[in-house]
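Q: Input structure: coords27.txt, which contains compact mmCIF, C-alpha atoms.
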```txt
# COMPACT_ATOMS: atom_id res chain seq x y z
CA MET A 24 172.22 -126.68 -35.17
CA LYS A 25 170.93 -124.29 -37.77
CA LYS A 26 167.87 -123.78 -35.65
CA ASN A 27 170.02 -122.81 -32.63
CA ILE A 28 172.04 -120.34 -34.67
CA LEU A 29 168.83 -118.78 -35.94
CA LYS A 30 167.46 -118.51 -32.41
CA ALA A 31 170.66 -116.92 -31.16
CA THR A 32 170.63 -114.43 -34.04
CA LEU A 33 167.04 -113.47 -33.35
CA VAL A 34 167.76 -112.96 -29.64
CA ALA A 35 170.83 -110.85 -30.44
CA ALA A 36 168.91 -108.76 -32.98
CA PHE A 37 166.10 -108.20 -30.50
CA GLY A 38 168.59 -107.18 -27.84
CA LEU A 39 170.27 -104.74 -30.20
CA ILE A 40 167.00 -103.12 -31.24
CA ALA A 41 165.83 -102.80 -27.63
CA GLY A 42 169.14 -101.36 -26.54
CA PHE A 43 169.16 -98.87 -29.40
CA ASN A 44 165.67 -97.66 -28.47
CA VAL A 45 166.65 -97.20 -24.85
CA TYR A 46 169.77 -95.26 -25.93
CA ASN A 47 167.69 -93.03 -28.24
CA SER A 48 165.18 -92.20 -25.55
CA GLN A 49 167.99 -91.20 -23.20
CA LYS A 50 169.84 -89.15 -25.84
CA SER A 51 167.07 -86.56 -25.97
CA ASP A 52 167.68 -85.79 -22.30
CA VAL A 53 171.40 -85.32 -22.80
CA MET A 54 172.71 -82.07 -24.23
CA SER A 55 174.89 -82.26 -27.29
CA GLU A 56 178.64 -82.04 -26.99
CA LEU A 57 178.69 -78.38 -27.94
CA ALA A 58 176.14 -77.41 -25.33
CA LEU A 59 177.98 -79.54 -22.78
CA ALA A 60 181.14 -77.71 -23.70
CA ASN A 61 179.20 -74.48 -23.17
CA VAL A 62 178.07 -75.65 -19.79
CA GLU A 63 181.54 -76.87 -18.88
CA ALA A 64 183.01 -73.55 -19.98
CA LEU A 65 180.52 -71.76 -17.79
CA ALA A 66 180.93 -74.18 -14.95
CA ASP A 67 184.65 -74.15 -15.35
CA ASP A 68 184.44 -70.79 -14.93
CA ALA A 69 183.70 -72.01 -11.55
CA GLU A 70 187.40 -71.41 -11.22
CA SER A 71 187.73 -68.37 -13.41
CA GLY A 72 184.26 -67.37 -12.21
CA GLU A 73 185.57 -67.45 -8.66
CA ASP A 74 188.54 -65.36 -9.71
CA PHE A 75 186.17 -62.89 -11.38
CA THR A 76 184.01 -62.66 -8.28
CA ASN A 77 186.98 -62.33 -5.93
CA GLY A 78 188.45 -59.57 -8.06
CA THR A 79 185.27 -57.59 -8.63
CA ASP A 80 182.61 -58.63 -6.06
CA CYS A 81 180.37 -59.32 -9.09
CA VAL A 82 178.79 -62.65 -10.03
CA ALA A 83 178.25 -63.67 -13.69
CA VAL A 84 174.57 -64.24 -14.53
CA TRP A 85 172.38 -64.84 -17.60
CA GLU A 86 170.52 -61.52 -17.34
CA ASN A 87 171.85 -58.36 -18.93
CA TYR A 88 172.67 -56.61 -15.67
CA THR A 89 175.58 -54.20 -15.25
CA CYS A 90 177.60 -54.61 -12.08
CA ARG A 91 179.74 -51.86 -10.61
CA GLY A 92 182.79 -53.78 -9.43
CA LYS A 93 184.81 -53.00 -6.34
CA ASP A 94 187.57 -51.91 -8.72
CA GLY A 95 185.27 -49.14 -9.95
CA LYS A 96 184.79 -50.68 -13.40
CA LEU A 97 181.48 -51.77 -14.92
CA TYR A 98 180.90 -55.42 -15.84
CA SER A 99 178.06 -56.65 -18.05
CA TYR A 100 175.95 -59.74 -17.47
CA SER A 101 176.78 -59.74 -13.80
CA ILE A 102 175.28 -58.64 -10.49
CA PRO A 103 176.72 -57.57 -7.14
CA LYS A 104 177.74 -60.56 -5.03
CA ALA A 105 175.55 -59.23 -2.23
CA ASN A 106 172.48 -59.66 -4.48
CA SER A 107 173.29 -63.13 -5.80
CA MET B 21 83.25 -56.63 -7.65
CA GLY B 22 86.18 -58.00 -9.62
CA LEU B 23 89.82 -58.49 -8.76
CA GLY B 24 90.76 -55.59 -10.90
CA LEU B 25 94.43 -54.71 -11.48
CA TYR B 26 95.57 -51.27 -10.48
CA GLN B 27 95.73 -49.13 -13.58
CA PHE B 28 98.83 -46.87 -13.49
CA PRO B 29 98.36 -43.42 -14.85
CA LYS B 30 99.71 -43.07 -18.40
CA GLU B 31 102.68 -40.86 -17.39
CA GLU B 32 103.80 -43.25 -14.68
CA LYS B 33 103.48 -46.15 -17.08
CA GLU B 34 105.71 -44.43 -19.65
CA PHE B 35 108.24 -43.49 -16.97
CA MET B 36 108.41 -47.03 -15.70
CA GLN B 37 108.81 -48.39 -19.23
CA ARG B 38 111.73 -46.01 -19.86
CA LEU B 39 113.27 -46.90 -16.51
CA PHE B 40 112.92 -50.60 -17.34
CA PHE B 41 114.75 -50.21 -20.68
CA ILE B 42 117.50 -48.10 -19.09
CA VAL B 43 118.06 -50.73 -16.40
CA ILE B 44 118.16 -53.53 -18.99
CA ALA B 45 120.60 -51.54 -21.17
CA GLY B 46 122.78 -50.89 -18.13
CA ILE B 47 122.85 -54.57 -17.21
CA LEU B 48 123.73 -55.54 -20.78
CA MET B 49 126.52 -52.94 -21.05
CA SER B 50 128.10 -53.89 -17.74
CA GLY B 51 127.83 -57.53 -18.77
CA CYS B 52 129.75 -56.77 -21.98
CA ALA B 53 132.43 -54.84 -20.07
CA SER B 54 132.99 -57.60 -17.56
CA GLU B 55 132.95 -60.17 -20.35
CA LYS B 56 135.89 -58.31 -21.91
CA LYS B 57 137.74 -58.24 -18.58
CA LYS B 58 137.03 -61.89 -17.96
CA GLN B 59 138.65 -62.91 -21.29
CA GLU B 60 140.73 -65.77 -20.12
CA LEU B 61 144.47 -65.95 -20.29
CA GLU B 62 145.33 -68.50 -22.93
CA ARG B 63 148.30 -70.84 -22.71
CA VAL B 64 149.66 -72.05 -26.03
CA SER B 65 152.05 -75.00 -25.99
CA ASN B 66 152.31 -75.77 -29.70
CA ILE B 67 153.07 -72.49 -31.45
CA ALA B 68 155.04 -73.03 -34.63
CA TYR B 69 158.54 -71.63 -35.02
CA THR B 70 161.25 -71.59 -37.70
CA THR B 71 164.93 -72.21 -37.09
CA ILE B 72 166.88 -69.43 -38.76
CA THR B 73 170.31 -70.81 -37.90
CA ASP B 74 171.85 -73.24 -35.47
CA SER B 75 175.29 -71.72 -35.98
CA ILE B 76 175.30 -69.65 -32.81
CA TYR B 77 178.78 -70.59 -31.66
CA SER B 78 179.23 -68.90 -28.33
CA SER B 79 179.38 -69.85 -24.71
CA MET B 80 177.25 -66.80 -23.91
CA PRO B 81 175.09 -65.15 -26.57
CA GLY B 82 174.16 -61.65 -25.44
CA LYS B 83 171.59 -59.13 -26.58
CA ILE B 84 169.84 -59.61 -29.90
CA THR B 85 168.17 -56.92 -31.98
CA ALA B 86 166.41 -57.02 -35.34
CA LEU B 87 166.24 -54.51 -38.15
CA ASN B 88 165.11 -54.79 -41.77
CA GLY B 89 165.19 -58.58 -41.89
CA ARG B 90 168.56 -58.93 -40.18
CA VAL B 91 169.18 -60.14 -36.65
CA TYR B 92 172.20 -58.79 -34.79
CA TRP B 93 173.50 -60.91 -31.91
CA HIS B 94 176.24 -60.02 -29.46
CA ASP B 95 178.81 -62.64 -28.48
CA VAL B 96 179.78 -61.36 -25.04
CA THR B 97 182.69 -63.77 -24.67
CA GLU B 98 184.36 -62.77 -27.94
CA ALA B 99 186.88 -59.94 -28.16
CA ASP B 100 187.01 -59.65 -31.97
CA ASN B 101 184.00 -59.20 -34.22
CA PHE B 102 181.62 -59.67 -31.33
CA ILE B 103 178.52 -58.54 -33.25
CA HIS B 104 177.18 -61.09 -35.74
CA VAL B 105 174.62 -60.15 -38.36
CA VAL B 106 172.36 -62.93 -39.64
CA ASP B 107 170.04 -62.61 -42.60
CA ALA B 108 166.71 -63.87 -41.20
CA SER B 109 165.46 -65.26 -44.50
CA SER B 110 168.57 -67.23 -45.52
CA GLY B 111 170.00 -67.93 -42.05
CA LYS B 112 173.44 -66.92 -43.32
CA GLU B 113 175.80 -64.72 -41.37
CA VAL B 114 176.38 -61.69 -43.60
CA TYR B 115 178.65 -59.57 -41.46
CA SER B 116 180.50 -59.34 -38.16
CA PHE B 117 182.11 -56.35 -36.50
CA GLY B 118 183.06 -54.77 -33.19
CA ASN B 119 186.30 -55.26 -31.30
CA MET B 120 187.01 -54.98 -27.59
CA GLY B 121 190.16 -53.18 -26.55
CA ASP B 122 191.94 -49.94 -25.76
CA GLY B 123 192.16 -48.54 -29.30
CA PRO B 124 190.17 -45.42 -30.22
CA ASN B 125 187.63 -47.49 -32.16
CA ASP B 126 187.55 -50.42 -29.73
CA PHE B 127 184.90 -50.97 -27.12
CA ALA B 128 185.05 -51.58 -23.37
CA MET B 129 181.34 -51.84 -22.56
CA PRO B 130 179.33 -51.92 -25.83
CA ILE B 131 175.59 -51.23 -25.71
CA PRO B 132 173.83 -52.42 -28.89
CA SER B 133 170.57 -50.83 -30.09
CA VAL B 134 168.67 -50.26 -33.33
CA SER B 135 166.61 -47.45 -34.73
CA THR B 136 165.29 -46.63 -38.18
CA GLU B 137 168.73 -45.16 -38.89
CA GLY B 138 170.60 -48.42 -38.42
CA PHE B 139 172.44 -50.46 -35.79
CA TYR B 140 174.20 -48.57 -33.01
CA LEU B 141 177.09 -49.69 -30.82
CA SER B 142 177.47 -47.20 -28.00
CA ASP B 143 180.08 -47.15 -25.26
CA LEU B 144 179.53 -44.63 -22.49
CA GLN B 145 182.70 -45.62 -20.67
CA LYS B 146 184.87 -44.75 -23.65
CA GLY B 147 182.55 -42.06 -25.04
CA ILE B 148 182.25 -43.53 -28.55
CA GLU B 149 179.37 -44.54 -30.79
CA HIS B 150 179.33 -46.31 -34.13
CA LEU B 151 176.36 -46.44 -36.50
CA TYR B 152 176.30 -49.38 -38.92
CA VAL B 153 174.10 -49.03 -41.98
CA PHE B 154 173.62 -51.63 -44.68
CA GLY B 155 173.42 -50.14 -48.13
CA GLU B 156 171.38 -51.50 -51.01
CA ASP B 157 174.54 -53.12 -52.31
CA GLY B 158 174.68 -55.16 -49.09
CA ALA B 159 177.84 -53.42 -47.95
CA CYS B 160 178.03 -52.17 -44.38
CA HIS B 161 178.92 -48.51 -43.85
CA VAL B 162 180.20 -47.30 -40.50
CA ASP B 163 179.71 -43.81 -39.16
CA ARG B 164 181.96 -43.20 -36.13
CA GLY B 165 181.06 -40.59 -33.58
CA SER B 166 181.41 -39.65 -29.94
CA LEU B 167 179.18 -39.54 -26.88
CA GLU B 168 179.34 -37.91 -23.50
CA LYS B 169 180.72 -40.42 -21.00
CA ASN B 170 178.23 -41.51 -18.36
CA SER B 171 178.63 -44.40 -15.94
CA GLU B 172 174.98 -44.19 -14.78
CA VAL B 173 173.53 -45.55 -18.04
CA THR B 174 172.74 -49.26 -18.38
CA ARG B 175 170.58 -49.17 -21.56
CA MET B 176 170.22 -46.83 -24.49
CA LEU B 177 167.72 -46.38 -27.31
CA HIS B 178 167.87 -44.20 -30.36
CA VAL B 179 164.60 -42.75 -31.62
CA GLY B 180 164.96 -41.38 -35.12
CA LYS B 181 168.03 -39.29 -35.86
CA SER B 182 168.28 -37.02 -32.90
CA THR B 183 166.69 -38.53 -29.78
CA ILE B 184 168.40 -40.81 -27.29
CA ILE B 185 166.65 -42.38 -24.30
CA ALA B 186 168.95 -43.69 -21.57
CA LEU B 187 168.02 -45.84 -18.59
CA THR B 188 169.72 -44.45 -15.48
CA PRO B 189 168.54 -46.71 -12.64
CA GLY B 190 170.81 -45.22 -9.97
CA ALA B 191 170.31 -41.56 -10.83
CA GLU B 192 167.76 -39.04 -9.55
CA ASN B 193 165.39 -39.98 -12.39
CA LEU B 194 164.79 -43.32 -14.12
CA PHE B 195 165.38 -42.01 -17.66
CA LYS B 196 167.42 -39.33 -19.35
CA VAL B 197 166.18 -38.12 -22.74
CA SER B 198 168.49 -36.19 -25.04
CA CYS B 199 167.09 -34.54 -28.14
CA ASN B 200 168.10 -31.65 -30.34
CA GLY B 201 170.88 -30.63 -28.00
CA THR B 202 168.77 -30.59 -24.83
CA THR B 203 168.42 -33.14 -22.05
CA GLN B 204 165.46 -33.90 -19.83
CA ALA B 205 165.30 -36.39 -16.98
CA GLY B 206 162.05 -38.14 -16.17
CA GLY B 207 160.22 -41.38 -15.55
CA LYS B 208 158.77 -43.02 -12.46
CA PHE B 209 160.73 -45.45 -10.32
CA PRO B 210 158.72 -48.63 -9.70
CA LEU B 211 159.02 -48.15 -5.94
CA SER B 212 158.94 -44.92 -4.00
CA GLU B 213 161.90 -45.88 -1.79
CA LYS B 214 165.13 -43.96 -2.32
CA VAL B 215 167.71 -46.66 -1.70
CA GLY B 216 171.43 -47.09 -1.94
CA ASN B 217 171.25 -50.09 -4.29
CA ALA B 218 168.97 -48.41 -6.86
CA PHE B 219 171.61 -48.88 -9.59
CA TYR B 220 171.15 -52.65 -9.30
CA LEU B 221 167.49 -52.70 -8.22
CA TYR B 222 165.93 -50.68 -11.02
CA GLN B 223 167.95 -52.11 -13.91
CA GLY B 224 165.73 -53.52 -16.58
CA ASN B 225 164.99 -53.75 -20.26
CA MET B 226 163.46 -51.08 -22.42
CA ASP B 227 162.36 -50.78 -26.01
CA TYR B 228 160.43 -48.32 -28.16
CA ASN B 229 157.62 -48.88 -30.66
CA ALA B 230 157.76 -45.90 -33.03
CA ASN B 231 154.41 -46.71 -34.69
CA ARG B 232 152.62 -46.47 -31.37
CA ASN B 233 154.96 -43.94 -29.76
CA ARG B 234 155.37 -46.21 -26.76
CA LEU B 235 158.47 -46.76 -24.64
CA VAL B 236 158.17 -49.94 -22.59
CA TYR B 237 160.26 -50.60 -19.48
CA SER B 238 160.38 -53.83 -17.50
CA SER B 239 162.36 -54.32 -14.34
CA MET B 240 164.50 -57.46 -13.95
CA SER B 241 164.72 -57.54 -10.15
CA PHE B 242 160.96 -57.74 -9.48
CA PRO B 243 157.82 -57.91 -11.65
CA TYR B 244 157.06 -54.48 -13.07
CA LEU B 245 156.04 -53.25 -16.52
CA ALA B 246 155.34 -49.66 -17.62
CA THR B 247 154.63 -47.82 -20.85
CA TYR B 248 155.45 -44.20 -21.63
CA SER B 249 154.70 -41.87 -24.53
CA LEU B 250 157.37 -39.51 -25.87
CA ASP B 251 156.60 -35.92 -26.74
CA GLY B 252 159.78 -34.20 -27.94
CA CYS B 253 162.14 -34.71 -25.03
CA LYS B 254 159.44 -35.45 -22.46
CA LEU B 255 158.38 -38.90 -21.34
CA SER B 256 154.88 -39.27 -19.87
CA LEU B 257 153.84 -42.37 -17.97
CA ASP B 258 150.97 -44.05 -19.76
CA LYS B 259 150.31 -47.28 -17.84
CA GLU B 260 152.07 -49.41 -15.27
CA LEU B 261 151.63 -52.99 -14.10
CA PRO B 262 153.15 -53.34 -10.67
CA GLU B 263 152.94 -56.46 -8.52
CA LYS B 264 153.12 -56.65 -4.77
CA ILE B 265 156.75 -57.06 -3.70
CA ASP B 266 157.90 -58.31 -0.30
CA TYR B 267 160.91 -56.31 0.75
CA THR B 268 162.71 -54.69 3.63
CA VAL B 269 165.18 -51.84 3.77
CA GLN B 270 168.44 -52.88 5.42
CA ASP B 271 171.32 -50.42 5.88
CA GLY B 272 169.73 -48.16 3.27
CA ASN B 273 169.44 -50.95 0.68
CA LEU B 274 166.20 -52.48 -0.50
CA VAL B 275 166.30 -56.24 -0.08
CA THR B 276 163.58 -58.38 -1.65
CA ALA B 277 162.36 -61.42 0.27
CA LYS B 278 164.19 -64.65 -0.45
CA ASP B 279 162.42 -66.64 -3.19
CA SER B 280 160.37 -63.59 -4.15
CA LYS B 281 159.39 -63.46 -7.81
CA ARG B 282 161.94 -61.94 -10.16
CA GLY B 283 161.10 -59.62 -13.03
CA ALA B 284 161.09 -60.62 -16.67
CA MET B 285 164.48 -61.60 -17.99
CA GLU B 286 164.04 -60.11 -21.48
CA LEU B 287 161.67 -57.78 -23.33
CA ALA B 288 160.63 -57.61 -26.99
CA LEU B 289 158.18 -55.34 -28.79
CA THR B 290 156.27 -56.27 -31.89
CA LYS B 291 153.73 -54.26 -33.84
CA ASN B 292 150.80 -55.35 -31.67
CA HIS B 293 152.33 -56.99 -28.62
CA ILE B 294 154.69 -56.61 -25.71
CA VAL B 295 156.54 -59.86 -25.10
CA THR B 296 158.50 -60.79 -22.00
CA LEU B 297 160.67 -63.83 -21.28
CA ASP B 298 159.72 -65.26 -17.91
CA ARG B 299 159.08 -68.47 -16.01
CA ASP B 300 155.51 -69.77 -16.05
CA VAL B 301 155.51 -71.50 -12.67
CA VAL B 302 152.13 -73.13 -13.38
CA VAL B 303 153.66 -75.12 -16.24
CA GLU B 304 157.40 -75.07 -15.48
CA GLY B 305 157.31 -75.20 -11.69
CA GLU B 306 159.43 -73.04 -9.41
CA LYS B 307 162.88 -71.99 -10.54
CA PRO B 308 165.39 -74.69 -9.55
CA LYS B 309 168.47 -73.85 -7.53
CA GLY B 310 171.09 -74.21 -10.24
CA ALA B 311 174.61 -75.54 -9.80
CA SER B 312 175.83 -72.07 -10.79
CA PRO B 313 174.21 -68.70 -11.60
CA ARG B 314 174.55 -69.59 -15.31
CA ASP B 315 173.12 -73.09 -15.03
CA PRO B 316 170.94 -73.63 -18.16
CA SER B 317 168.34 -75.47 -16.07
CA THR B 318 167.40 -72.14 -14.48
CA LEU B 319 166.47 -70.54 -17.83
CA PRO B 320 162.74 -69.91 -18.42
CA HIS B 321 160.76 -71.57 -21.22
CA SER B 322 157.84 -69.14 -21.61
CA LEU B 323 156.92 -66.00 -23.48
CA PHE B 324 154.31 -63.75 -21.87
CA ILE B 325 152.28 -61.82 -24.43
CA TYR B 326 150.66 -58.50 -23.50
CA ASP B 327 148.74 -55.96 -25.51
CA TYR B 328 149.79 -52.31 -25.29
CA GLU B 329 147.17 -51.76 -22.55
CA LEU B 330 149.32 -54.17 -20.47
CA ASN B 331 146.67 -56.91 -20.50
CA LEU B 332 148.31 -60.34 -20.35
CA THR B 333 146.56 -62.26 -23.12
CA HIS B 334 148.68 -65.34 -23.80
CA ILE B 335 151.55 -67.38 -22.45
CA LEU B 336 153.55 -69.35 -25.01
CA ASN B 337 155.04 -72.40 -23.29
CA MET B 338 157.99 -73.50 -25.37
CA GLN B 339 159.68 -76.88 -25.02
CA PHE B 340 163.21 -75.55 -24.53
CA PRO B 341 165.08 -72.94 -22.49
CA ILE B 342 165.08 -69.45 -23.99
CA LEU B 343 167.96 -67.06 -23.44
CA ARG B 344 167.33 -63.91 -25.53
CA ILE B 345 164.42 -62.34 -27.40
CA CYS B 346 163.80 -59.34 -29.61
CA GLY B 347 160.93 -58.17 -31.76
CA ASP B 348 160.26 -56.82 -35.18
CA SER B 349 158.09 -53.74 -34.66
CA GLN B 350 156.96 -53.81 -38.29
CA GLY B 351 155.19 -57.12 -37.78
CA ASP B 352 154.33 -59.62 -35.08
CA VAL B 353 157.54 -61.63 -35.22
CA VAL B 354 159.68 -62.54 -32.24
CA TYR B 355 163.26 -63.71 -32.66
CA ALA B 356 164.83 -65.79 -29.91
CA ILE B 357 168.09 -67.52 -29.06
CA VAL B 358 167.14 -70.80 -27.48
CA LEU B 359 169.01 -73.85 -26.18
CA SER B 360 167.74 -76.85 -28.16
CA PRO B 361 170.06 -78.69 -27.68
CA GLU B 362 172.70 -76.15 -28.76
CA TYR B 363 172.14 -72.44 -29.14
CA LYS B 364 170.04 -71.60 -32.15
CA LEU B 365 168.24 -68.57 -33.50
CA ILE B 366 164.53 -69.06 -34.14
CA GLN B 367 161.63 -66.98 -35.35
CA ILE B 368 158.07 -67.13 -34.00
CA ASN B 369 155.17 -65.44 -35.75
CA ILE B 370 152.81 -64.55 -32.92
CA SER B 371 150.08 -63.03 -35.09
CA SER B 372 148.48 -66.51 -35.22
CA ILE B 373 147.57 -66.30 -31.52
CA ASN B 374 145.01 -63.62 -32.34
CA ASP B 375 143.52 -65.83 -35.06
CA SER B 376 142.98 -68.68 -32.60
CA ARG B 377 141.32 -66.30 -30.15
CA ASN B 378 139.07 -64.77 -32.81
CA ALA B 379 138.10 -68.20 -34.06
CA LYS B 380 136.60 -69.12 -30.68
```
How does the structure come out when it is put into structure tokens?

A:
Amino acid sequence: MKKNILKATLVAAFGLIAGFNVYNSQKSDVMSELALANVEALADDAESGEDFTNGTDCVAVWENYTCRGKDGKLYSYSIPKANS
Amino acid sequence: MGLGLYQFPKEEKEFMQRLFFIVIAGILMSGCASEKKKQELERVSNIAYTTITDSIYSSMPGKITALNGRVYWHDVTEADNFIHVVDASSGKEVYSFGNMGDGPNDFAMPIPSVSTEGFYLSDLQKGIEHLYVFGEDGACHVDRGSLEKNSEVTRMLHVGKSTIIALTPGAENLFKVSCNGTTQAGGKFPLSEKVGNAFYLYQGNMDYNANRNRLVYSSMSFPYLATYSLDGCKLSLDKELPEKIDYTVQDGNLVTAKDSKRGAMELALTKNHIVTLDRDVVVEGEKPKGASPRDPSTLPHSLFIYDYELNLTHILNMQFPILRICGDSQGDVVYAIVLSPEYKLIQINISSINDSRNAK
């Protein structure tokens, strides 16, 4: 009986260690919560981004471009929709 | 009768000896020159860096600049205190300032820049300019002034106390230089075409190395790098590094071919190097089609290092996406905001790349 319990414990421990290693190796490929929130905010701005583009004819980008919107105003970090 | 050798006359012999040495010297000299040209581009994948701070809390860090051991970064999504000042040695944020709005001291479209005088926030839509100077006591003093409004300017640089260089991509000339009350337009557009979308097409980054008297301009829409020297108010083209661009002109607008190579995303100057942020397709592969224009997977991972003769000497392949860079013109230090895994500010000393080359 004791032998069986020991075997079961060893198997469980092995499984836990293996699972933890697999989780760790995957974690490095997943952005942290803050960065995900950044991405979601940017992506989310799929909605507000769409509103921005519809209102200005400019598309938000990473590069430090200045876009002259159809409303005559200048917008930073964005390019004309026609060039996106 | 012997098989005698022809005996050249003494003068002919001396002439031929001289000619022989001249030819050998010529071969050796041309060999040295081509050896210099053939110096291979070196890729470095393990350059050391230091994390200054991982407290870059923003969904979109904007331009960064460095002056006197402080790094200034612009949070473009923040309306209050959008400029953050980080002490590079301690990593601590020491100051924040700059508000967006309609008030007389608020900004609509701030353009950050640094010079030996301090940190400038200029707004050519509102016609205001603030100069922030840190005193020896660590306090920040603000000098508020005004500027002539100009909607053609996308970048500005201050050189010393009285010279301003503005990038005017859609105007008649690429640059406008104001100094001592006068203004001179100049500069060479990368392409000779006069097109309707020049304001977008010729936008780029520019920076000035005062020690070398070199203004460097790099276009963002296609690969192009140029250096200029400044004499009073006059800019003179020194060198340019164009690349062949596939384009057509449609309805008066220049349209680059789909999937054509873009220009460098960012530019930084150090004491001895010009650094651009760009994608190294050999190592990183082609740019992926992101889920959105601000998809982090589309950010480049590489820093291209040039000397001031525009020779590409090294490519630093980093392990993470890089968003912004700036240089310290007093040394060979590059500051960068990278995504690893959150935004953080790092410092890379690139002087070691010369040591590895000299050691070979």

Q: One decimal, Å: what's the distance from atom CA of B:Gly190 over to atom CA of B:Leu297, could you say?

A: 24.0 Å

Q: Near A:Gly78, counting all atoms listed in the file, which residues have an atom at most 9 Å away, once you skip same-chain residues fewer than 4 positions from it, shown as a ChimeraX atom specification?

A: /A:73-74,92-94

Q: Suppose we keep C-alpha atoms; can you now write the selection as a PDB file, keeping the file's coordinate frame?

A:
```pdb
ATOM      1  CA  GLU A  73     185.570 -67.450  -8.660  1.00  0.00           C
ATOM      2  CA  ASP A  74     188.540 -65.360  -9.710  1.00  0.00           C
ATOM      3  CA  GLY A  92     182.790 -53.780  -9.430  1.00  0.00           C
ATOM      4  CA  LYS A  93     184.810 -53.000  -6.340  1.00  0.00           C
ATOM      5  CA  ASP A  94     187.570 -51.910  -8.720  1.00  0.00           C
TER       6      ASP A  94
END
```

Q: Report as CSV the residues of stretch 216-308 of chain B within 12 Å of stretch 192-209 of chain B, each with its shortest atom pair and distance in Å (one decimal), using only C-alpha atoms, ordered by chain and increasing residue number.

A:
```
residue,atom,partner,partner_atom,distance
B:Gly216,CA,B:Glu192,CA,11.7
B:Ala218,CA,B:Phe209,CA,9.4
B:Phe219,CA,B:Leu194,CA,9.9
B:Leu221,CA,B:Phe209,CA,10.1
B:Tyr222,CA,B:Phe209,CA,7.4
B:Gln223,CA,B:Leu194,CA,9.3
B:Gly224,CA,B:Leu194,CA,10.5
B:Met226,CA,B:Phe195,CA,10.4
B:Leu235,CA,B:Gly207,CA,10.7
B:Val236,CA,B:Gly207,CA,11.3
B:Tyr237,CA,B:Gly207,CA,10.0
B:Ser238,CA,B:Phe209,CA,11.0
B:Ser239,CA,B:Phe209,CA,9.9
B:Tyr244,CA,B:Phe209,CA,10.1
B:Leu245,CA,B:Phe209,CA,11.0
B:Ala246,CA,B:Lys208,CA,9.1
B:Thr247,CA,B:Gly207,CA,10.0
B:Tyr248,CA,B:Gly207,CA,8.2
B:Ser249,CA,B:Gly207,CA,10.6
B:Leu250,CA,B:Val197,CA,9.5
B:Asp251,CA,B:Val197,CA,10.6
B:Gly252,CA,B:Cys199,CA,7.3
B:Cys253,CA,B:Val197,CA,5.8
B:Lys254,CA,B:Gln204,CA,6.7
B:Leu255,CA,B:Gly206,CA,6.4
B:Ser256,CA,B:Gly207,CA,7.2
B:Leu257,CA,B:Gly207,CA,6.9
B:Asp258,CA,B:Gly207,CA,10.5
B:Lys259,CA,B:Lys208,CA,10.9
B:Glu260,CA,B:Lys208,CA,9.7
B:Pro262,CA,B:Phe209,CA,10.9
```

Q: Could you work out which residues of chain B fall inside 9 Å of chain A? Count all atoms listed in the file, and format the result as a VMD selection string.

A: chain B and resid 77 to 80 82 to 83 96 129 145 171 174 219 to 220 223 to 225 240 275 285 to 286 311 to 316 319 343 359 to 363

Q: Suppose you want the space between atom CA of B:Phe139 and atom CA of B:Tyr152; what is it in Å?

A: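 We find that atom CA of B:Phe139 and atom CA of B:Tyr152 lie 5.1 Å from each other.
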
Q: What is the distance between atom CA of B:Glu60 and atom CA of B:Leu332, in Å to one decimal?

A: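 Computed distance, atom CA of B:Glu60 to atom CA of B:Leu332, equals 9.3 Å.
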
Q: Please provide the set of residues having any atom within 8 Å of B:Ile366, restricted to all atoms listed in the file, with same-chain residues fewer than 5 positions apart removed, written as an NGL selection string.

A: :B and (69-73 or 355-358)
